[in-house]
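Inspection log for the structure reproduced underneath, given as structure tokens.
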Amino acid sequence: MTGDLFCASGAVGSYLEALSEGAVVLRGRALPVADALLAAIRTVADAAPFRRMITPGGFEMSVAMTNCGGGGWVTDRKGYRYTPTDPQTGAPWPAMPGVFLDLAEAAAAEAGFPGFVPDACLINRYEPGARLSLHQDKDERDYAHPIVSVSLGLPATFQFGGRKRADSVSKVALSHGDVVVWGGPARLHHHGVLTLRDGEHPATGRTRFNLTLRRAM
Ligand code: SIN
Ligand code: FE2
């Protein structure tokens, strides 16, 4: 169940939907720049290809990932962490595209977190059957900054729970262009993505992309 609807201040064509204190969905907020975001994802992936990483427990993730910005989130047998370089190429992660920075700053401000300047963006690629189990984003240095999450392509069911793993979990349908922001009292809330259903999206084909913009380093 989601919360009340409010009129967004200044964001033409989008609106805020509260998930919990500190967490909102901005429906369609990324639509005006969706094509530019997808083009930027392709540029990042040309330099730092999508790959399915290995969890510390030895399982290959079903979601393929890459990163851009000063730090990139990685997992391998040694654990979860941010690295300044891509372990696969040895090169620094590609620079954060301006269109990512601008959208993240604007969306965070509309959600009540002004002055957000992300330094890391994890780019997730889901194909039908991929899922992301319930987790907290807690590998960042400082939880004072929110997380800005942008959905592109095939729709997905996002799970949003509470601080404790056992807290009740809401299911939120996310479509192309939706942006979720969580911070403040919701910063360490659990979240995940249910198994992606097959489909065809005009902008991405049989794929969902998600950007999570963070202040990590
Ligand atoms: C994440 O938690 O890293 C991704 C969330 C999503 O794909 O919507
Ligand atoms: Fe996450």
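Lettering and numbering for the structure tokens are positional, with chains as A, B, ... in the shown order, residues counted from 1 in each chain, and ligands counted from 1 in the shown order.
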Considering only C-alpha atoms, return as an MDAnalysis selection string whatever protein or nucleic-acid residues lie within 8 Å of range 78-94 of chain A, sequence-local ones (same chain, fewer than 6 positions apart) excluded.
chainID A and resid 44 47:48 55:56 67:72 139:140 216:217
Okay, now the selection with C-alpha atoms, as a compact mmCIF listing (two decimals), in the first residue's frame?
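Listing of part28.txt after writing:
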# COMPACT_ATOMS: atom_id res chain seq x y z
CA VAL A 44 29.25 3.90 -19.88
CA ALA A 47 33.94 1.43 -21.44
CA ALA A 48 32.83 -0.63 -18.41
CA THR A 55 28.39 -12.56 -3.99
CA PRO A 56 30.68 -13.17 -1.00
CA ASN A 67 29.09 1.72 -12.56
CA CYS A 68 30.06 5.28 -13.26
CA GLY A 69 31.37 8.09 -11.09
CA GLY A 70 34.29 8.34 -8.69
CA GLY A 71 33.37 5.05 -7.05
CA GLY A 72 31.67 1.89 -8.21
CA ASP A 139 28.31 0.23 1.98
CA GLU A 140 28.39 4.03 1.66
CA ALA A 216 29.42 6.72 -1.44
CA MET A 217 33.03 7.78 -1.05
Which residues are close to Phe100 in chain A, i.e. within 9 Å by only C-alpha atoms, leaving aside same-chain residues fewer than 6 positions away? Reply as a ChimeraX atom specification.
/A:37,40,118,121,211,213
Within 8 Å of ligand 1: each chain A residue with its shortest pair, only C-alpha atoms and all ligand atoms, as a tab-separated table:
residue	atom	partner	partner_atom_place_in_ligand_line	distance
A:Leu122	CA	ligand 1	3 (O)	6.9
A:Ile123	CA	ligand 1	3 (O)	8.0
A:Asn124	CA	ligand 1	7 (O)	6.3
A:Tyr126	CA	ligand 1	7 (O)	7.9
A:Leu132	CA	ligand 1	4 (C)	7.2
A:His135	CA	ligand 1	2 (O)	7.3
A:Gln136	CA	ligand 1	2 (O)	7.7
A:Asp137	CA	ligand 1	2 (O)	7.0
A:Ser149	CA	ligand 1	8 (O)	6.4
A:Val150	CA	ligand 1	8 (O)	7.2
A:Ser151	CA	ligand 1	8 (O)	6.3
A:Ala156	CA	ligand 1	8 (O)	7.7
A:Phe158	CA	ligand 1	8 (O)	6.0
A:Leu174	CA	ligand 1	8 (O)	7.8
A:His191	CA	ligand 1	2 (O)	6.2
A:Gly192	CA	ligand 1	2 (O)	5.7
A:Val193	CA	ligand 1	6 (C)	5.9
A:Phe209	CA	ligand 1	7 (O)	7.2
A:Asn210	CA	ligand 1	7 (O)	4.8
A:Leu211	CA	ligand 1	4 (C)	7.2
A:Thr212	CA	ligand 1	3 (O)	5.9
Ala109 in chain A: which residues within 12 Å, counting only C-alpha atoms, same-chain residues fewer than 4 positions away excluded, as a list in words?
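In the requested form, the answer reads Ala8, Ser9, Gly10, Ala11, Leu16, Gly22, Val24, Leu26, Asp102, Leu103, Ala104, Glu105, Phe113, Pro114, Gly115, Phe116, Val117, His145, Pro146, Ile147, Val148, Val181, Trp182 and Gly183 of chain A.
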Please report, as a ChimeraX atom specification, each residue of range 25-102 of chain A to which DSSP assigns strand (DSSP E or B) when run on this structure's backbone.
/A:25-27,51,54,60,64-69,71-76,79-83,85,92
Looking only at the backbone, which of the residues in chain A does DSSP tag as helix (DSSP H, G or I), as a PyMOL selection string?
chain A and resi 31-47+98-110+184-186
Can you list, as a VMD selection string, every protein, DNA or RNA residue that comes within 12 Å of Leu19 in chain A when you count only C-alpha atoms, leaving out same-chain residues fewer than 4 positions away?
chain A and resid 1 to 5 23 to 26 111 158 to 162 169 to 173 180 to 183 185 to 186 189 191
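Relative to CA of Ile41 in chain A, CA of Ser62 in chain A is found at 18.9 Å.
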For Pro155 in chain A, please output as a PDB file with N, CA and C atoms, in the first residue's frame all residues within 12 Å (counting only C-alpha atoms; exclusion window: fewer than 6 positions along the same chain).
ATOM      1  N   TYR A 126      18.417  -5.703 -15.726  1.00  0.00           N
ATOM      2  CA  TYR A 126      17.592  -6.878 -15.439  1.00  0.00           C
ATOM      3  C   TYR A 126      17.057  -7.431 -16.742  1.00  0.00           C
ATOM      4  N   GLU A 127      17.234  -8.737 -16.934  1.00  0.00           N
ATOM      5  CA  GLU A 127      16.576  -9.428 -18.029  1.00  0.00           C
ATOM      6  C   GLU A 127      15.458 -10.284 -17.404  1.00  0.00           C
ATOM      7  N   PRO A 128      14.456 -10.712 -18.169  1.00  0.00           N
ATOM      8  CA  PRO A 128      13.396 -11.513 -17.558  1.00  0.00           C
ATOM      9  C   PRO A 128      13.986 -12.644 -16.704  1.00  0.00           C
ATOM     10  N   VAL A 172       5.577  -1.965  -4.787  1.00  0.00           N
ATOM     11  CA  VAL A 172       5.389  -0.734  -5.553  1.00  0.00           C
ATOM     12  C   VAL A 172       5.679  -1.048  -7.017  1.00  0.00           C
ATOM     13  N   ALA A 173       4.700  -0.825  -7.885  1.00  0.00           N
ATOM     14  CA  ALA A 173       4.925  -1.051  -9.316  1.00  0.00           C
ATOM     15  C   ALA A 173       5.732   0.125  -9.866  1.00  0.00           C
ATOM     16  N   LEU A 174       6.871  -0.161 -10.483  1.00  0.00           N
ATOM     17  CA  LEU A 174       7.712   0.905 -11.053  1.00  0.00           C
ATOM     18  C   LEU A 174       7.771   0.761 -12.561  1.00  0.00           C
ATOM     19  N   SER A 175       7.545   1.869 -13.264  1.00  0.00           N
ATOM     20  CA  SER A 175       7.556   1.873 -14.728  1.00  0.00           C
ATOM     21  C   SER A 175       8.666   2.783 -15.241  1.00  0.00           C
ATOM     22  N   HIS A 176       8.830   2.716 -16.537  1.00  0.00           N
ATOM     23  CA  HIS A 176       9.780   3.554 -17.277  1.00  0.00           C
ATOM     24  C   HIS A 176       9.644   5.016 -16.849  1.00  0.00           C
ATOM     25  N   GLY A 177      10.715   5.587 -16.336  1.00  0.00           N
ATOM     26  CA  GLY A 177      10.710   7.003 -15.969  1.00  0.00           C
ATOM     27  C   GLY A 177      10.414   7.290 -14.515  1.00  0.00           C
ATOM     28  N   ASP A 178      10.003   6.270 -13.748  1.00  0.00           N
ATOM     29  CA  ASP A 178       9.735   6.521 -12.322  1.00  0.00           C
ATOM     30  C   ASP A 178      11.052   6.686 -11.553  1.00  0.00           C
ATOM     31  N   VAL A 193      13.833  -6.157  -5.602  1.00  0.00           N
ATOM     32  CA  VAL A 193      13.058  -6.192  -6.847  1.00  0.00           C
ATOM     33  C   VAL A 193      12.640  -7.638  -7.105  1.00  0.00           C
ATOM     34  N   LEU A 194      11.319  -7.847  -7.275  1.00  0.00           N
ATOM     35  CA  LEU A 194      10.824  -9.200  -7.561  1.00  0.00           C
ATOM     36  C   LEU A 194      11.245  -9.635  -8.967  1.00  0.00           C
ATOM     37  N   THR A 195      11.234 -10.919  -9.194  1.00  0.00           N
ATOM     38  CA  THR A 195      11.637 -11.504 -10.479  1.00  0.00           C
ATOM     39  C   THR A 195      10.995 -10.767 -11.649  1.00  0.00           C
ATOM     40  N   LEU A 196      11.829 -10.284 -12.559  1.00  0.00           N
ATOM     41  CA  LEU A 196      11.323  -9.500 -13.699  1.00  0.00           C
ATOM     42  C   LEU A 196      10.534 -10.400 -14.636  1.00  0.00           C
ATOM     43  N   ARG A 197       9.329  -9.939 -14.966  1.00  0.00           N
ATOM     44  CA  ARG A 197       8.491 -10.681 -15.916  1.00  0.00           C
ATOM     45  C   ARG A 197       8.904 -10.335 -17.336  1.00  0.00           C
ATOM     46  N   ASP A 198       8.707 -11.311 -18.223  1.00  0.00           N
ATOM     47  CA  ASP A 198       9.080 -11.104 -19.621  1.00  0.00           C
ATOM     48  C   ASP A 198       8.180 -10.030 -20.238  1.00  0.00           C
ATOM     49  N   GLY A 199       8.693  -9.331 -21.188  1.00  0.00           N
ATOM     50  CA  GLY A 199       7.935  -8.302 -21.877  1.00  0.00           C
ATOM     51  C   GLY A 199       8.833  -7.620 -22.886  1.00  0.00           C
ATOM     52  N   GLU A 200       8.254  -6.650 -23.545  1.00  0.00           N
ATOM     53  CA  GLU A 200       8.982  -5.930 -24.593  1.00  0.00           C
ATOM     54  C   GLU A 200       8.701  -4.451 -24.357  1.00  0.00           C
ATOM     55  N   HIS A 201       9.739  -3.656 -24.178  1.00  0.00           N
ATOM     56  CA  HIS A 201       9.540  -2.220 -23.990  1.00  0.00           C
ATOM     57  C   HIS A 201      10.070  -1.479 -25.212  1.00  0.00           C
ATOM     58  N   PRO A 202       9.316  -0.482 -25.716  1.00  0.00           N
ATOM     59  CA  PRO A 202       9.754   0.199 -26.935  1.00  0.00           C
ATOM     60  C   PRO A 202      11.154   0.828 -26.817  1.00  0.00           C
ATOM     61  N   ALA A 203      11.549   1.244 -25.623  1.00  0.00           N
ATOM     62  CA  ALA A 203      12.846   1.927 -25.489  1.00  0.00           C
ATOM     63  C   ALA A 203      13.998   0.974 -25.193  1.00  0.00           C
ATOM     64  N   THR A 204      13.707  -0.194 -24.600  1.00  0.00           N
ATOM     65  CA  THR A 204      14.800  -1.056 -24.118  1.00  0.00           C
ATOM     66  C   THR A 204      14.669  -2.518 -24.512  1.00  0.00           C
ATOM     67  N   GLY A 205      13.591  -2.889 -25.224  1.00  0.00           N
ATOM     68  CA  GLY A 205      13.396  -4.304 -25.549  1.00  0.00           C
ATOM     69  C   GLY A 205      13.060  -5.115 -24.312  1.00  0.00           C
ATOM     70  N   ARG A 206      13.700  -6.277 -24.181  1.00  0.00           N
ATOM     71  CA  ARG A 206      13.361  -7.186 -23.060  1.00  0.00           C
ATOM     72  C   ARG A 206      14.248  -6.907 -21.848  1.00  0.00           C
ATOM     73  N   THR A 207      14.353  -5.642 -21.482  1.00  0.00           N
ATOM     74  CA  THR A 207      15.314  -5.251 -20.453  1.00  0.00           C
ATOM     75  C   THR A 207      14.742  -4.171 -19.555  1.00  0.00           C
ATOM     76  N   ARG A 208      15.106  -4.227 -18.283  1.00  0.00           N
ATOM     77  CA  ARG A 208      14.890  -3.105 -17.369  1.00  0.00           C
ATOM     78  C   ARG A 208      16.263  -2.618 -16.913  1.00  0.00           C
ATOM     79  N   PHE A 209      16.461  -1.300 -16.933  1.00  0.00           N
ATOM     80  CA  PHE A 209      17.650  -0.709 -16.333  1.00  0.00           C
ATOM     81  C   PHE A 209      17.241   0.034 -15.078  1.00  0.00           C
ATOM     82  N   ASN A 210      18.127   0.072 -14.111  1.00  0.00           N
ATOM     83  CA  ASN A 210      17.913   0.897 -12.921  1.00  0.00           C
ATOM     84  C   ASN A 210      19.222   1.588 -12.586  1.00  0.00           C
TER      85      ASN A 210
END
Expressed in Å, the length from CA of Ser20 in chain A to CA of Lys164 in chain A is 14.0 Å
Interatomic distance between CA of Ala30 in chain A and CA of Arg163 in chain A?
27.2 Å
